[in-house]
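Worksheet for the structure shown next.
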Amino acid sequence: SVIRISVASMRFDKIAAAGFQVSRTDMAEWIRAGQVQLNWRIDDRPDRLLAIGDVISLRGHGRIRLVAEQGKSRKDRHILELEKY
């Protein structure tokens, strides 16, 4: 399914939290604990900047792929399209 989100920056924790509908604080803890994979590798840096095509996997919750950036909102937020599977 396709999800549209808007985030202030392209940070790993912000995009993952919005995609899986959990708090950014929880997501950052899970990333630091090694429970979240970025492009099939454990990445423990919540502040890493993502690019189009990156795949985020959260154990027990599935995967999301950053498909496209739809531009910027009036408040200068990134409007992103994610594919969840």
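All residue names refer to the structure tokens as shown: chains lettered A, B, ... in order, residues numbered from 1 in each chain, ligands numbered from 1 in order.
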Residues at most 8 Å from segment 77-84 of chain A, counting only C-alpha atoms, excluding those fewer than 3 positions away in the same chain, as a PyMOL selection string?
-> chain A and resi 1-10+19+62-74
Please, could you write that set of residues out with C-alpha atoms as a PDB file, in the first residue's frame?
ATOM      1  CA  SER A   1       0.000   0.000   0.000  1.00  0.00           C
ATOM      2  CA  VAL A   2       1.098   3.573  -0.658  1.00  0.00           C
ATOM      3  CA  ILE A   3       1.385   6.057   2.202  1.00  0.00           C
ATOM      4  CA  ARG A   4       1.934   9.817   1.876  1.00  0.00           C
ATOM      5  CA  ILE A   5       3.675  11.568   4.749  1.00  0.00           C
ATOM      6  CA  SER A   6       5.218  14.956   5.401  1.00  0.00           C
ATOM      7  CA  VAL A   7       8.376  15.345   7.476  1.00  0.00           C
ATOM      8  CA  ALA A   8      10.526  18.326   8.422  1.00  0.00           C
ATOM      9  CA  SER A   9      13.751  16.562   7.416  1.00  0.00           C
ATOM     10  CA  MET A  10      14.876  13.380   5.668  1.00  0.00           C
ATOM     11  CA  GLY A  19       5.811   5.229   8.017  1.00  0.00           C
ATOM     12  CA  GLY A  62       7.130  -5.213   7.791  1.00  0.00           C
ATOM     13  CA  ARG A  63       9.043  -2.920   5.451  1.00  0.00           C
ATOM     14  CA  ILE A  64       8.631   0.481   3.902  1.00  0.00           C
ATOM     15  CA  ARG A  65      10.392   1.838   0.832  1.00  0.00           C
ATOM     16  CA  LEU A  66      10.911   5.524   0.136  1.00  0.00           C
ATOM     17  CA  VAL A  67       9.425   5.760  -3.355  1.00  0.00           C
ATOM     18  CA  ALA A  68       9.365   9.461  -4.228  1.00  0.00           C
ATOM     19  CA  GLU A  69       9.510  13.011  -2.965  1.00  0.00           C
ATOM     20  CA  GLN A  70       6.406  14.878  -4.079  1.00  0.00           C
ATOM     21  CA  GLY A  71       7.938  18.287  -3.378  1.00  0.00           C
ATOM     22  CA  LYS A  72       7.676  20.690  -0.470  1.00  0.00           C
ATOM     23  CA  SER A  73       4.648  21.852   1.489  1.00  0.00           C
ATOM     24  CA  ARG A  74       3.856  25.510   2.192  1.00  0.00           C
TER      25      ARG A  74
END
Could you please write out, as an mmCIF file with all heavy atoms, in the first residue's frame, every residue of segment 1-76 of chain A that DSSP assigns to strand (DSSP E or B)?
data_model
loop_
_atom_site.group_PDB
_atom_site.id
_atom_site.type_symbol
_atom_site.label_atom_id
_atom_site.label_comp_id
_atom_site.auth_asym_id
_atom_site.auth_seq_id
_atom_site.Cartn_x
_atom_site.Cartn_y
_atom_site.Cartn_z
ATOM 1 N N VAL A 2 0.347 2.331 -0.548
ATOM 2 C CA VAL A 2 1.098 3.573 -0.658
ATOM 3 C C VAL A 2 0.664 4.526 0.449
ATOM 4 O O VAL A 2 -0.519 4.688 0.721
ATOM 5 C CB VAL A 2 0.865 4.218 -2.054
ATOM 6 C CG1 VAL A 2 1.541 5.575 -2.130
ATOM 7 C CG2 VAL A 2 1.385 3.296 -3.136
ATOM 8 N N ILE A 3 1.643 5.117 1.112
ATOM 9 C CA ILE A 3 1.385 6.057 2.202
ATOM 10 C C ILE A 3 2.035 7.383 1.827
ATOM 11 O O ILE A 3 3.158 7.400 1.328
ATOM 12 C CB ILE A 3 2.030 5.572 3.519
ATOM 13 C CG1 ILE A 3 1.590 4.158 3.857
ATOM 14 C CG2 ILE A 3 1.736 6.526 4.671
ATOM 15 C CD1 ILE A 3 2.423 3.520 4.942
ATOM 16 N N ARG A 4 1.332 8.499 2.068
ATOM 17 C CA ARG A 4 1.934 9.817 1.876
ATOM 18 C C ARG A 4 2.148 10.443 3.245
ATOM 19 O O ARG A 4 1.244 10.448 4.077
ATOM 20 C CB ARG A 4 1.034 10.705 1.026
ATOM 21 C CG ARG A 4 1.010 10.233 -0.421
ATOM 22 C CD ARG A 4 0.282 11.177 -1.308
ATOM 23 N NE ARG A 4 0.965 12.469 -1.295
ATOM 24 C CZ ARG A 4 0.559 13.518 -1.992
ATOM 25 N NH1 ARG A 4 -0.508 13.441 -2.725
ATOM 26 N NH2 ARG A 4 1.219 14.645 -1.944
ATOM 27 N N ILE A 5 3.354 10.935 3.473
ATOM 28 C CA ILE A 5 3.675 11.568 4.749
ATOM 29 C C ILE A 5 4.366 12.905 4.482
ATOM 30 O O ILE A 5 4.845 13.145 3.374
ATOM 31 C CB ILE A 5 4.603 10.686 5.615
ATOM 32 C CG1 ILE A 5 5.942 10.435 4.909
ATOM 33 C CG2 ILE A 5 3.928 9.379 5.987
ATOM 34 C CD1 ILE A 5 7.014 9.827 5.795
ATOM 35 N N SER A 6 4.406 13.752 5.508
ATOM 36 C CA SER A 6 5.218 14.956 5.401
ATOM 37 C C SER A 6 6.114 15.007 6.629
ATOM 38 O O SER A 6 5.667 14.763 7.757
ATOM 39 C CB SER A 6 4.348 16.203 5.289
ATOM 40 O OG SER A 6 3.845 16.595 6.523
ATOM 41 N N VAL A 7 7.388 15.282 6.392
ATOM 42 C CA VAL A 7 8.376 15.345 7.476
ATOM 43 C C VAL A 7 9.219 16.602 7.318
ATOM 44 O O VAL A 7 9.400 17.104 6.215
ATOM 45 C CB VAL A 7 9.300 14.098 7.499
ATOM 46 C CG1 VAL A 7 8.552 12.859 7.947
ATOM 47 C CG2 VAL A 7 9.945 13.860 6.145
ATOM 48 N N ARG A 11 15.465 12.647 7.941
ATOM 49 C CA ARG A 11 16.115 11.792 8.941
ATOM 50 C C ARG A 11 15.478 10.406 8.981
ATOM 51 O O ARG A 11 14.270 10.255 8.842
ATOM 52 C CB ARG A 11 16.007 12.421 10.322
ATOM 53 C CG ARG A 11 16.957 13.561 10.582
ATOM 54 C CD ARG A 11 16.667 14.205 11.922
ATOM 55 N NE ARG A 11 16.659 13.237 13.000
ATOM 56 C CZ ARG A 11 17.485 13.255 14.036
ATOM 57 N NH1 ARG A 11 18.380 14.197 14.142
ATOM 58 N NH2 ARG A 11 17.397 12.340 14.985
ATOM 59 N N VAL A 36 16.056 -2.051 13.861
ATOM 60 C CA VAL A 36 15.575 -1.508 12.583
ATOM 61 C C VAL A 36 16.702 -1.613 11.569
ATOM 62 O O VAL A 36 17.843 -1.279 11.864
ATOM 63 C CB VAL A 36 15.151 -0.027 12.741
ATOM 64 C CG1 VAL A 36 14.504 0.484 11.462
ATOM 65 C CG2 VAL A 36 14.194 0.142 13.910
ATOM 66 N N GLN A 37 16.351 -2.084 10.366
ATOM 67 C CA GLN A 37 17.363 -2.202 9.315
ATOM 68 C C GLN A 37 17.115 -1.166 8.232
ATOM 69 O O GLN A 37 15.968 -0.855 7.902
ATOM 70 C CB GLN A 37 17.305 -3.581 8.666
ATOM 71 C CG GLN A 37 17.766 -4.693 9.568
ATOM 72 C CD GLN A 37 17.812 -6.027 8.839
ATOM 73 O OE1 GLN A 37 17.194 -6.203 7.793
ATOM 74 N NE2 GLN A 37 18.545 -6.958 9.394
ATOM 75 N N LEU A 38 18.216 -0.641 7.695
ATOM 76 C CA LEU A 38 18.166 0.277 6.555
ATOM 77 C C LEU A 38 18.900 -0.410 5.416
ATOM 78 O O LEU A 38 20.078 -0.747 5.550
ATOM 79 C CB LEU A 38 18.843 1.604 6.917
ATOM 80 C CG LEU A 38 18.959 2.634 5.804
ATOM 81 C CD1 LEU A 38 17.571 3.022 5.289
ATOM 82 C CD2 LEU A 38 19.699 3.867 6.295
ATOM 83 N N ARG A 41 20.636 -3.756 6.282
ATOM 84 C CA ARG A 41 21.742 -3.746 7.237
ATOM 85 C C ARG A 41 21.297 -3.016 8.488
ATOM 86 O O ARG A 41 20.573 -2.030 8.405
ATOM 87 C CB ARG A 41 22.946 -2.990 6.665
ATOM 88 C CG ARG A 41 23.636 -3.717 5.556
ATOM 89 C CD ARG A 41 25.046 -3.148 5.369
ATOM 90 N NE ARG A 41 25.697 -3.839 4.281
ATOM 91 C CZ ARG A 41 25.977 -3.265 3.103
ATOM 92 N NH1 ARG A 41 25.698 -2.008 2.892
ATOM 93 N NH2 ARG A 41 26.571 -3.963 2.171
ATOM 94 N N ILE A 42 21.759 -3.467 9.636
ATOM 95 C CA ILE A 42 21.450 -2.753 10.875
ATOM 96 C C ILE A 42 22.210 -1.436 10.854
ATOM 97 O O ILE A 42 23.407 -1.404 10.587
ATOM 98 C CB ILE A 42 21.831 -3.601 12.104
ATOM 99 C CG1 ILE A 42 20.873 -4.794 12.206
ATOM 100 C CG2 ILE A 42 21.795 -2.757 13.375
ATOM 101 C CD1 ILE A 42 21.207 -5.780 13.269
ATOM 102 N N LEU A 49 20.603 10.589 7.073
ATOM 103 C CA LEU A 49 19.691 11.138 6.069
ATOM 104 C C LEU A 49 19.410 10.085 5.010
ATOM 105 O O LEU A 49 20.325 9.414 4.539
ATOM 106 C CB LEU A 49 20.287 12.401 5.433
ATOM 107 C CG LEU A 49 20.507 13.572 6.398
ATOM 108 C CD1 LEU A 49 21.138 14.754 5.674
ATOM 109 C CD2 LEU A 49 19.205 13.995 7.047
ATOM 110 N N VAL A 55 15.183 1.309 1.795
ATOM 111 C CA VAL A 55 14.209 0.382 2.362
ATOM 112 C C VAL A 55 14.457 0.286 3.864
ATOM 113 O O VAL A 55 15.590 0.074 4.305
ATOM 114 C CB VAL A 55 14.329 -1.024 1.722
ATOM 115 C CG1 VAL A 55 13.380 -2.012 2.388
ATOM 116 C CG2 VAL A 55 14.074 -0.949 0.229
ATOM 117 N N ILE A 56 13.387 0.461 4.654
ATOM 118 C CA ILE A 56 13.468 0.378 6.114
ATOM 119 C C ILE A 56 12.671 -0.845 6.559
ATOM 120 O O ILE A 56 11.518 -0.996 6.162
ATOM 121 C CB ILE A 56 12.880 1.639 6.772
ATOM 122 C CG1 ILE A 56 13.610 2.888 6.286
ATOM 123 C CG2 ILE A 56 12.949 1.530 8.295
ATOM 124 C CD1 ILE A 56 12.897 4.181 6.641
ATOM 125 N N SER A 57 13.291 -1.712 7.363
ATOM 126 C CA SER A 57 12.622 -2.911 7.881
ATOM 127 C C SER A 57 12.555 -2.823 9.394
ATOM 128 O O SER A 57 13.561 -2.550 10.039
ATOM 129 C CB SER A 57 13.400 -4.175 7.522
ATOM 130 O OG SER A 57 13.701 -4.214 6.152
ATOM 131 N N LEU A 58 11.357 -3.058 9.945
ATOM 132 C CA LEU A 58 11.177 -3.080 11.397
ATOM 133 C C LEU A 58 10.640 -4.459 11.752
ATOM 134 O O LEU A 58 9.558 -4.841 11.287
ATOM 135 C CB LEU A 58 10.204 -1.984 11.836
ATOM 136 C CG LEU A 58 9.831 -1.941 13.315
ATOM 137 C CD1 LEU A 58 11.057 -1.770 14.197
ATOM 138 C CD2 LEU A 58 8.854 -0.805 13.569
ATOM 139 N N GLY A 62 7.013 -5.260 9.250
ATOM 140 C CA GLY A 62 7.130 -5.213 7.791
ATOM 141 C C GLY A 62 8.202 -4.246 7.318
ATOM 142 O O GLY A 62 9.126 -3.909 8.056
ATOM 143 N N ARG A 63 8.057 -3.811 6.059
ATOM 144 C CA ARG A 63 9.043 -2.920 5.451
ATOM 145 C C ARG A 63 8.346 -1.730 4.809
ATOM 146 O O ARG A 63 7.212 -1.849 4.360
ATOM 147 C CB ARG A 63 9.776 -3.571 4.292
ATOM 148 C CG ARG A 63 10.425 -4.811 4.516
ATOM 149 C CD ARG A 63 11.405 -5.110 3.375
ATOM 150 N NE ARG A 63 12.353 -6.042 3.918
ATOM 151 C CZ ARG A 63 12.239 -7.351 3.769
ATOM 152 N NH1 ARG A 63 11.290 -7.859 3.047
ATOM 153 N NH2 ARG A 63 13.102 -8.135 4.340
ATOM 154 N N ILE A 64 9.090 -0.649 4.713
ATOM 155 C CA ILE A 64 8.631 0.481 3.902
ATOM 156 C C ILE A 64 9.771 0.895 2.983
ATOM 157 O O ILE A 64 10.947 0.744 3.336
ATOM 158 C CB ILE A 64 8.168 1.692 4.754
ATOM 159 C CG1 ILE A 64 9.241 2.136 5.734
ATOM 160 C CG2 ILE A 64 6.863 1.395 5.477
ATOM 161 C CD1 ILE A 64 8.879 3.392 6.513
ATOM 162 N N ARG A 65 9.399 1.363 1.797
ATOM 163 C CA ARG A 65 10.392 1.838 0.832
ATOM 164 C C ARG A 65 10.061 3.275 0.491
ATOM 165 O O ARG A 65 8.900 3.610 0.250
ATOM 166 C CB ARG A 65 10.365 0.975 -0.427
ATOM 167 C CG ARG A 65 11.446 1.335 -1.427
ATOM 168 C CD ARG A 65 11.591 0.275 -2.506
ATOM 169 N NE ARG A 65 10.399 0.128 -3.308
ATOM 170 C CZ ARG A 65 10.203 0.759 -4.477
ATOM 171 N NH1 ARG A 65 11.116 1.560 -4.963
ATOM 172 N NH2 ARG A 65 9.090 0.576 -5.132
ATOM 173 N N LEU A 66 11.066 4.119 0.494
ATOM 174 C CA LEU A 66 10.911 5.524 0.136
ATOM 175 C C LEU A 66 10.847 5.595 -1.384
ATOM 176 O O LEU A 66 11.848 5.372 -2.056
ATOM 177 C CB LEU A 66 12.100 6.304 0.699
ATOM 178 C CG LEU A 66 12.091 7.808 0.651
ATOM 179 C CD1 LEU A 66 10.802 8.376 1.220
ATOM 180 C CD2 LEU A 66 13.279 8.348 1.421
ATOM 181 N N VAL A 67 9.639 5.834 -1.911
ATOM 182 C CA VAL A 67 9.425 5.760 -3.355
ATOM 183 C C VAL A 67 9.736 7.078 -4.053
ATOM 184 O O VAL A 67 10.440 7.105 -5.053
ATOM 185 C CB VAL A 67 7.964 5.337 -3.673
ATOM 186 C CG1 VAL A 67 7.724 5.301 -5.164
ATOM 187 C CG2 VAL A 67 7.662 3.986 -3.053
ATOM 188 N N ALA A 68 9.199 8.189 -3.528
ATOM 189 C CA ALA A 68 9.365 9.461 -4.228
ATOM 190 C C ALA A 68 9.181 10.631 -3.283
ATOM 191 O O ALA A 68 8.520 10.518 -2.252
ATOM 192 C CB ALA A 68 8.346 9.567 -5.361
ATOM 193 N N GLU A 69 9.770 11.765 -3.669
ATOM 194 C CA GLU A 69 9.510 13.011 -2.965
ATOM 195 C C GLU A 69 8.587 13.821 -3.856
ATOM 196 O O GLU A 69 8.891 14.076 -5.015
ATOM 197 C CB GLU A 69 10.803 13.781 -2.696
ATOM 198 C CG GLU A 69 10.541 15.040 -1.896
ATOM 199 C CD GLU A 69 11.806 15.732 -1.395
ATOM 200 O OE1 GLU A 69 12.909 15.235 -1.663
ATOM 201 O OE2 GLU A 69 11.654 16.767 -0.746
ATOM 202 N N GLN A 70 7.429 14.182 -3.304
ATOM 203 C CA GLN A 70 6.406 14.878 -4.079
ATOM 204 C C GLN A 70 6.616 16.387 -4.088
ATOM 205 O O GLN A 70 5.800 17.110 -4.622
ATOM 206 C CB GLN A 70 5.021 14.573 -3.495
ATOM 207 C CG GLN A 70 4.732 13.101 -3.343
ATOM 208 C CD GLN A 70 4.194 12.498 -4.615
ATOM 209 O OE1 GLN A 70 3.197 12.952 -5.133
ATOM 210 N NE2 GLN A 70 4.871 11.502 -5.130
ATOM 211 N N GLY A 71 7.673 16.855 -3.438
ATOM 212 C CA GLY A 71 7.938 18.287 -3.378
ATOM 213 C C GLY A 71 7.923 18.770 -1.943
ATOM 214 O O GLY A 71 8.102 17.995 -1.006
ATOM 215 N N LYS A 72 7.685 20.081 -1.794
ATOM 216 C CA LYS A 72 7.676 20.690 -0.470
ATOM 217 C C LYS A 72 6.294 21.268 -0.195
ATOM 218 O O LYS A 72 5.610 21.732 -1.108
ATOM 219 C CB LYS A 72 8.701 21.826 -0.397
ATOM 220 C CG LYS A 72 10.144 21.388 -0.547
ATOM 221 C CD LYS A 72 10.713 20.959 0.780
ATOM 222 C CE LYS A 72 12.192 20.752 0.708
ATOM 223 N NZ LYS A 72 12.949 21.695 1.487
#
Give me the residues within 9 Å of Asp44 of chain A as an mmCIF file with N, CA, C and O atoms, in the first residue's frame, counting only C-alpha atoms and dropping any in the same chain fewer than 3 places off.
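Saved file result_6.cif follows:
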data_model
loop_
_atom_site.group_PDB
_atom_site.id
_atom_site.type_symbol
_atom_site.label_atom_id
_atom_site.label_comp_id
_atom_site.auth_asym_id
_atom_site.auth_seq_id
_atom_site.Cartn_x
_atom_site.Cartn_y
_atom_site.Cartn_z
ATOM 1 N N ALA A 28 13.618 6.039 17.511
ATOM 2 C CA ALA A 28 15.043 6.323 17.724
ATOM 3 C C ALA A 28 15.665 5.295 18.677
ATOM 4 O O ALA A 28 16.789 4.833 18.456
ATOM 5 N N TRP A 30 14.608 2.173 19.120
ATOM 6 C CA TRP A 30 14.689 0.896 18.387
ATOM 7 C C TRP A 30 15.857 0.905 17.409
ATOM 8 O O TRP A 30 16.536 -0.108 17.235
ATOM 9 N N ILE A 31 16.087 2.042 16.751
ATOM 10 C CA ILE A 31 17.203 2.147 15.806
ATOM 11 C C ILE A 31 18.523 1.967 16.557
ATOM 12 O O ILE A 31 19.379 1.188 16.146
ATOM 13 N N ARG A 32 18.682 2.670 17.694
ATOM 14 C CA ARG A 32 19.914 2.545 18.487
ATOM 15 C C ARG A 32 20.103 1.127 19.016
ATOM 16 O O ARG A 32 21.233 0.668 19.172
ATOM 17 N N ALA A 33 18.988 0.427 19.293
ATOM 18 C CA ALA A 33 19.057 -0.948 19.813
ATOM 19 C C ALA A 33 19.296 -1.975 18.711
ATOM 20 O O ALA A 33 19.411 -3.166 18.983
ATOM 21 N N GLY A 34 19.350 -1.553 17.457
ATOM 22 C CA GLY A 34 19.620 -2.468 16.355
ATOM 23 C C GLY A 34 18.419 -3.266 15.895
ATOM 24 O O GLY A 34 18.570 -4.304 15.264
ATOM 25 N N GLN A 35 17.198 -2.797 16.194
ATOM 26 C CA GLN A 35 15.995 -3.529 15.788
ATOM 27 C C GLN A 35 15.452 -3.084 14.431
ATOM 28 O O GLN A 35 14.493 -3.658 13.942
ATOM 29 N N VAL A 36 16.056 -2.051 13.861
ATOM 30 C CA VAL A 36 15.575 -1.508 12.583
ATOM 31 C C VAL A 36 16.702 -1.613 11.569
ATOM 32 O O VAL A 36 17.843 -1.279 11.864
ATOM 33 N N GLN A 37 16.351 -2.084 10.366
ATOM 34 C CA GLN A 37 17.363 -2.202 9.315
ATOM 35 C C GLN A 37 17.115 -1.166 8.232
ATOM 36 O O GLN A 37 15.968 -0.855 7.902
ATOM 37 N N ARG A 48 20.723 9.590 10.501
ATOM 38 C CA ARG A 48 21.174 9.383 9.120
ATOM 39 C C ARG A 48 20.142 9.939 8.145
ATOM 40 O O ARG A 48 18.949 9.785 8.345
#
Give the helix (DSSP H, G or I) residues of chain A, as assigned by DSSP on the backbone, as a ChimeraX atom specification.
-> /A:12-20,24-32
Output all heavy atoms for every residue in the selection just made, as a tab-separated table (two decimals), in the first residue's frame.
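The new file out.tsv reads:
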chain	number	residue	atom	x	y	z
A	12	PHE	N	16.34	9.42	9.21
A	12	PHE	CA	15.94	8.01	9.33
A	12	PHE	C	14.81	7.84	10.34
A	12	PHE	O	13.77	7.25	10.04
A	12	PHE	CB	17.20	7.23	9.75
A	12	PHE	CG	17.08	5.74	9.84
A	12	PHE	CD1	16.02	5.04	9.28
A	12	PHE	CD2	18.08	5.01	10.47
A	12	PHE	CE1	15.95	3.66	9.36
A	12	PHE	CE2	18.02	3.63	10.55
A	12	PHE	CZ	16.95	2.96	10.01
A	13	ASP	N	15.00	8.37	11.58
A	13	ASP	CA	14.00	8.15	12.63
A	13	ASP	C	12.66	8.83	12.32
A	13	ASP	O	11.60	8.26	12.58
A	13	ASP	CB	14.53	8.57	14.01
A	13	ASP	CG	14.99	10.02	14.09
A	13	ASP	OD1	15.13	10.67	13.04
A	13	ASP	OD2	15.23	10.48	15.23
A	14	LYS	N	12.67	9.99	11.71
A	14	LYS	CA	11.42	10.70	11.40
A	14	LYS	C	10.61	9.97	10.34
A	14	LYS	O	9.40	9.79	10.48
A	14	LYS	CB	11.70	12.13	10.95
A	14	LYS	CG	12.15	13.01	12.07
A	14	LYS	CD	12.21	14.45	11.63
A	14	LYS	CE	12.62	15.31	12.81
A	14	LYS	NZ	12.46	16.72	12.54
A	15	ILE	N	11.29	9.55	9.27
A	15	ILE	CA	10.59	8.87	8.18
A	15	ILE	C	10.09	7.50	8.64
A	15	ILE	O	8.94	7.13	8.37
A	15	ILE	CB	11.51	8.75	6.94
A	15	ILE	CG1	11.77	10.16	6.38
A	15	ILE	CG2	10.89	7.83	5.90
A	15	ILE	CD1	12.80	10.21	5.29
A	16	ALA	N	10.92	6.76	9.37
A	16	ALA	CA	10.52	5.44	9.86
A	16	ALA	C	9.34	5.55	10.83
A	16	ALA	O	8.39	4.78	10.76
A	16	ALA	CB	11.70	4.73	10.52
A	17	ALA	N	9.38	6.53	11.73
A	17	ALA	CA	8.30	6.71	12.71
A	17	ALA	C	6.99	7.05	12.00
A	17	ALA	O	5.94	6.50	12.33
A	17	ALA	CB	8.67	7.81	13.70
A	18	ALA	N	7.04	7.93	11.02
A	18	ALA	CA	5.82	8.30	10.28
A	18	ALA	C	5.30	7.11	9.46
A	18	ALA	O	4.10	6.86	9.42
A	18	ALA	CB	6.10	9.49	9.37
A	19	GLY	N	6.21	6.36	8.85
A	19	GLY	CA	5.81	5.23	8.02
A	19	GLY	C	5.18	4.09	8.81
A	19	GLY	O	4.24	3.46	8.34
A	20	PHE	N	5.70	3.83	10.00
A	20	PHE	CA	5.18	2.74	10.83
A	20	PHE	C	4.19	3.24	11.88
A	20	PHE	O	3.70	2.46	12.69
A	20	PHE	CB	6.32	1.98	11.51
A	20	PHE	CG	7.16	1.17	10.56
A	20	PHE	CD1	8.47	1.51	10.29
A	20	PHE	CD2	6.63	0.06	9.91
A	20	PHE	CE1	9.25	0.77	9.42
A	20	PHE	CE2	7.39	-0.69	9.03
A	20	PHE	CZ	8.70	-0.34	8.79
A	24	ARG	N	8.50	9.16	17.34
A	24	ARG	CA	9.89	9.29	16.91
A	24	ARG	C	10.84	8.86	18.03
A	24	ARG	O	11.89	8.28	17.78
A	24	ARG	CB	10.19	10.74	16.50
A	24	ARG	CG	11.52	10.87	15.80
A	24	ARG	CD	11.76	12.26	15.27
A	24	ARG	NE	11.96	13.23	16.31
A	24	ARG	CZ	13.11	13.41	16.97
A	24	ARG	NH1	14.15	12.65	16.69
A	24	ARG	NH2	13.22	14.32	17.90
A	25	THR	N	10.46	9.12	19.28
A	25	THR	CA	11.28	8.72	20.43
A	25	THR	C	11.44	7.21	20.47
A	25	THR	O	12.56	6.69	20.62
A	25	THR	CB	10.63	9.21	21.74
A	25	THR	OG1	10.38	10.60	21.63
A	25	THR	CG2	11.53	8.95	22.93
A	26	ASP	N	10.32	6.48	20.33
A	26	ASP	CA	10.37	5.01	20.32
A	26	ASP	C	11.22	4.51	19.15
A	26	ASP	O	12.05	3.62	19.31
A	26	ASP	CB	8.97	4.40	20.20
A	26	ASP	CG	8.17	4.52	21.51
A	26	ASP	OD1	8.77	4.83	22.55
A	26	ASP	OD2	6.95	4.28	21.45
A	27	MET	N	10.99	5.10	17.97
A	27	MET	CA	11.73	4.66	16.78
A	27	MET	C	13.22	4.89	16.97
A	27	MET	O	14.03	4.01	16.64
A	27	MET	CB	11.21	5.41	15.54
A	27	MET	CG	11.84	4.94	14.26
A	27	MET	SD	11.68	3.16	13.91
A	27	MET	CE	9.94	3.03	13.56
A	28	ALA	N	13.62	6.04	17.51
A	28	ALA	CA	15.04	6.32	17.72
A	28	ALA	C	15.66	5.29	18.68
A	28	ALA	O	16.79	4.83	18.46
A	28	ALA	CB	15.22	7.74	18.26
A	29	GLU	N	14.92	4.91	19.71
A	29	GLU	CA	15.42	3.88	20.65
A	29	GLU	C	15.59	2.55	19.95
A	29	GLU	O	16.60	1.85	20.14
A	29	GLU	CB	14.45	3.72	21.83
A	29	GLU	CG	14.55	4.82	22.85
A	29	GLU	CD	13.52	4.66	23.97
A	29	GLU	OE1	13.03	3.53	24.18
A	29	GLU	OE2	13.21	5.68	24.61
A	30	TRP	N	14.61	2.17	19.12
A	30	TRP	CA	14.69	0.90	18.39
A	30	TRP	C	15.86	0.91	17.41
A	30	TRP	O	16.54	-0.11	17.23
A	30	TRP	CB	13.39	0.61	17.65
A	30	TRP	CG	12.21	0.37	18.55
A	30	TRP	CD1	12.23	0.02	19.87
A	30	TRP	CD2	10.83	0.49	18.21
A	30	TRP	NE1	10.95	-0.09	20.36
A	30	TRP	CE2	10.07	0.19	19.36
A	30	TRP	CE3	10.15	0.82	17.03
A	30	TRP	CZ2	8.68	0.21	19.38
A	30	TRP	CZ3	8.76	0.84	17.04
A	30	TRP	CH2	8.04	0.53	18.20
A	31	ILE	N	16.09	2.04	16.75
A	31	ILE	CA	17.20	2.15	15.81
A	31	ILE	C	18.52	1.97	16.56
A	31	ILE	O	19.38	1.19	16.15
A	31	ILE	CB	17.16	3.50	15.05
A	31	ILE	CG1	15.97	3.53	14.09
A	31	ILE	CG2	18.48	3.72	14.29
A	31	ILE	CD1	15.68	4.89	13.48
A	32	ARG	N	18.68	2.67	17.69
A	32	ARG	CA	19.91	2.55	18.49
A	32	ARG	C	20.10	1.13	19.02
A	32	ARG	O	21.23	0.67	19.17
A	32	ARG	CB	19.90	3.53	19.66
A	32	ARG	CG	20.24	4.93	19.24
A	32	ARG	CD	20.49	5.85	20.43
A	32	ARG	NE	20.12	7.20	20.04
A	32	ARG	CZ	18.95	7.77	20.33
A	32	ARG	NH1	18.04	7.12	21.04
A	32	ARG	NH2	18.68	8.99	19.93
Length of the atom CA of Arg45 of chain A to atom CA of Lys75 of chain A vector [Å] |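 Result for atom CA of Arg45 of chain A versus atom CA of Lys75 of chain A: 26.4 Å, one decimal.
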